[in-house]
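Written out below as structure tokens is the structure these notes cover.
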2 protein chains.
Amino acid sequence: MSLALDAAAQDLLFREAQTANTFTDEPVTDEQIQAIYDLVKFGPTAFNQSPLRITLVRSQEARQRLVTHAMGANGPKTLGAPVTAILSVDLDFHQKLPQLFPHAPGIKDAFFSEAASRETAGTQNATLQAGYFIVGVRAAGLAAGPMTGFDFSGVDKEFFGDGKQKSFLVINIGKPGTDAFSARGPRLTFDEAVTAV
Amino acid sequence: MSLALDAAAQDLLFREAQTANTFTDEPVTDEQIQAIYDLVKFGPTAFNQSPLRITLVRSQEARQRLVTHAMGANGPKTLGAPVTAILSVDLDFHQKLPQLFPHAPGIKDAFFSEAASRETAGTQNATLQAGYFIVGVRAAGLAAGPMTGFDFSGVDKEFFGDGKQKSFLVINIGKPGTDAFSARGPRLTFDEAVTAV
């Protein structure tokens with residue numbers, strides 16, 4: 001046993017958890033999403049920049065607008081989920097740095113005065129946060145169905161007309177439904193993925 | 001209690017875990033790193049592409065080469081860690097797709113024949129895996145010190161001369177040392193980060 005984390009938690013978060021393609025009708029409450037957020041918000045980002053924004057698609061009207069930008073099977077999957085989260089980068093995350101990184105407020109202008117540097121750093125750090133969020137969904141006893149097969153520039157125009165948020169991942173969230181899981185694919189062995197120097 | 005994950009695990013992974021800036025001399029064993037990998041390898045990536053590669057910097061010689069590319073305080077922090085992981089994207093991850101996604105081997109050529117599409121997807125998915133890996137380091141009862149302040153093109157030339165791996169994050173790993181932690185920065189509230197539509 002080389003891990004401190006108990007075996008049940010290992011199973012819940014990684015070993016038995018799988019991407020779900022179908023969901024039951026059981027609702028996912030705001031309280032559940034808030035509990036997930038209040039856990040994973042503590043995951044680290046550079047300068048605590050916390051650039052991830054989450055748009056919860058709950059209304060039928062918004063869901064229909066979202067699926068017009070879905071590719072292939074992602075449309076039907078998304079129509080069948082009780083709640084769907086659009087994950088995006090706040091391209092103006094630097095405006096909140098004096099609040100989030102109060103002991104060095106000069107970071108905002110020193111590193112992030114240019115839009116290109118904000119987009120690069122914001123995308124990287126929001127994607128790390130997306131990893132934490134997927135773990136958090138599982139920590140709530142729910143299944144996540146993350147999808148990159150969307151026309152994200154279309155999603156941005158549809159939901160973020162001001163150009164200040166850039167979506168990069170859509171995640172269906174709920175209890176797994178009938179035939180929810182594909183066979184788990186093989187993973188790379190330790191020696192294929194890890195090298196020591 | 002809206003989470004299925006037990007409170008001790010919540011604390012271990014998120015609530016009490018913090019980025020460490022100093023470390024004790026206690027070694028981190030290969031068995032610990034393998035246990036971390038064998039847990040977090042199950043985290044989802046698009047088409048199971050699993051593009052993350054991990055280079056464990058253990059020798060003094062490699063550590064000295066790494067810190068020549070560190071910015072600011074990241075050099076001394078890295079010199080004081082028992083092991084340091086360079087996280088990189090395998091830009092040729094598509095070569096392993098027939099192995100990793102055996103039920104649709106055509107994905108390799110349909111989506112990833114171009115280097116630019118591999119770099120975009122590989123970077124996104126390896127960064128998701130970096131999020132899982134940070135959680136995994138904590139699951140092992142260790143502290144992570146992730147750093148983006150490196151000259152990554154210099155790191156690539158130094159360690160990945162063939163141009164087939166692109167580094168994007170360096171993580172010190174070990175038991176926290178003296179004055180290891182900065183004060184935790186405030187996080188965005190749920191209402192600042194999450195919107196429902």
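Convention: chains lettered A, B, ... in structure tokens order; per-chain residue numbering from 1; ligands numbered from 1 as shown.
When DSSP reads the backbone of this structure, the residues of region 136-179 of chain B it assigns to helix (DSSP H, G or I) are Gly136, Val137, Arg138, Ala139, Phe152, Ser153, Gly154, Val155, Asp156, Lys157, Glu158 and Phe159 of chain B.
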Taking only C-alpha atoms into account, what are the residues of chain B at most 7 Å from chain A, put as a PyMOL selection string?
chain B and resi 2-5+9+14-15+19+31-32+34-35+37+39-44+48+53-59+62+100-101+124+127-132+139-141+185-187+190+193-197
Export, as a PDB file, in the first residue's frame, the selected residues with C-alpha atoms.
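Final file, part-v5.pdb:
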ATOM      1  CA  SER B   2     -23.458  16.336  -0.572  1.00  0.00           C
ATOM      2  CA  LEU B   3     -20.268  14.421  -1.379  1.00  0.00           C
ATOM      3  CA  ALA B   4     -19.768  10.658  -1.449  1.00  0.00           C
ATOM      4  CA  LEU B   5     -16.032  11.030  -0.815  1.00  0.00           C
ATOM      5  CA  ALA B   9     -10.023  12.077   1.653  1.00  0.00           C
ATOM      6  CA  PHE B  14      -8.056  19.353  -1.593  1.00  0.00           C
ATOM      7  CA  ARG B  15      -9.076  21.044   1.642  1.00  0.00           C
ATOM      8  CA  THR B  19       1.497  23.625  -2.845  1.00  0.00           C
ATOM      9  CA  GLU B  31       7.088   2.405  -5.769  1.00  0.00           C
ATOM     10  CA  GLN B  32       5.312   5.569  -4.628  1.00  0.00           C
ATOM     11  CA  GLN B  34       4.282   3.926  -9.654  1.00  0.00           C
ATOM     12  CA  ALA B  35       1.351   3.756  -7.225  1.00  0.00           C
ATOM     13  CA  TYR B  37       0.671   6.578 -11.852  1.00  0.00           C
ATOM     14  CA  LEU B  39      -4.110   5.314  -9.887  1.00  0.00           C
ATOM     15  CA  VAL B  40      -4.310   8.418 -12.061  1.00  0.00           C
ATOM     16  CA  LYS B  41      -3.741   6.667 -15.384  1.00  0.00           C
ATOM     17  CA  PHE B  42      -7.474   5.887 -15.246  1.00  0.00           C
ATOM     18  CA  GLY B  43      -8.461   9.555 -15.482  1.00  0.00           C
ATOM     19  CA  PRO B  44     -10.285  10.234 -18.760  1.00  0.00           C
ATOM     20  CA  ASN B  48      -8.155   7.607 -24.344  1.00  0.00           C
ATOM     21  CA  ARG B  53       4.668  11.678 -20.347  1.00  0.00           C
ATOM     22  CA  ILE B  54       6.488  12.043 -17.036  1.00  0.00           C
ATOM     23  CA  THR B  55      10.239  12.448 -16.688  1.00  0.00           C
ATOM     24  CA  LEU B  56      11.407  11.873 -13.126  1.00  0.00           C
ATOM     25  CA  VAL B  57      14.465  13.932 -12.333  1.00  0.00           C
ATOM     26  CA  ARG B  58      16.410  11.919  -9.758  1.00  0.00           C
ATOM     27  CA  SER B  59      20.135  12.291 -10.503  1.00  0.00           C
ATOM     28  CA  ALA B  62      19.871  15.946 -14.377  1.00  0.00           C
ATOM     29  CA  LEU B 100      -5.285   2.669 -26.556  1.00  0.00           C
ATOM     30  CA  PHE B 101      -8.531   2.959 -28.550  1.00  0.00           C
ATOM     31  CA  GLN B 124      -5.248  19.833 -23.609  1.00  0.00           C
ATOM     32  CA  THR B 127      -2.949  19.095 -18.973  1.00  0.00           C
ATOM     33  CA  LEU B 128      -6.101  17.320 -17.768  1.00  0.00           C
ATOM     34  CA  GLN B 129      -3.828  14.417 -16.833  1.00  0.00           C
ATOM     35  CA  ALA B 130      -1.539  16.849 -15.004  1.00  0.00           C
ATOM     36  CA  GLY B 131      -4.545  17.794 -12.862  1.00  0.00           C
ATOM     37  CA  TYR B 132      -5.157  14.117 -12.086  1.00  0.00           C
ATOM     38  CA  ALA B 139      -3.287  10.708  -2.633  1.00  0.00           C
ATOM     39  CA  ALA B 140       0.146   9.261  -1.866  1.00  0.00           C
ATOM     40  CA  GLY B 141       0.412  11.498   1.201  1.00  0.00           C
ATOM     41  CA  GLY B 185      -5.012  32.539  -1.220  1.00  0.00           C
ATOM     42  CA  PRO B 186      -8.737  33.219  -1.269  1.00  0.00           C
ATOM     43  CA  ARG B 187     -10.801  31.352  -3.833  1.00  0.00           C
ATOM     44  CA  PHE B 190     -19.441  29.730  -6.168  1.00  0.00           C
ATOM     45  CA  ALA B 193     -17.203  31.090 -10.841  1.00  0.00           C
ATOM     46  CA  VAL B 194     -20.467  29.306 -11.667  1.00  0.00           C
ATOM     47  CA  THR B 195     -23.481  30.544 -13.654  1.00  0.00           C
ATOM     48  CA  ALA B 196     -26.659  28.646 -14.535  1.00  0.00           C
ATOM     49  CA  VAL B 197     -28.512  29.071 -17.821  1.00  0.00           C
TER      50      VAL B 197
END
Shell of 10 Å around Gly75 (chain A), only C-alpha atoms, local chain residues under 6 positions omitted, as a list in words
Arg63, Gln64, Leu66, Val67, Thr68, His69, Gly149 and Phe150 of chain A
From a DSSP pass on the backbone, collect the residues of region 51-119 of chain A flagged as strand (DSSP E or B) and hand them back as a PyMOL selection string.
chain A and resi 52-57+70+83-90
Using only C-alpha atoms: which of B:Ala7, B:Val28, B:Ala143, B:Ala115 has the shortest distance to Pro176 (chain B)
B:Ala143
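Going from CA of Ala180 (chain B) to CA of Asn21 (chain B) covers 4.9 Å.
Among the candidates B:Thr178, B:Ser113, B:Asn172, B:Asn74, the residue lying nearest to Phe93 (chain B) is B:Ser113 (atoms considered: only C-alpha atoms).
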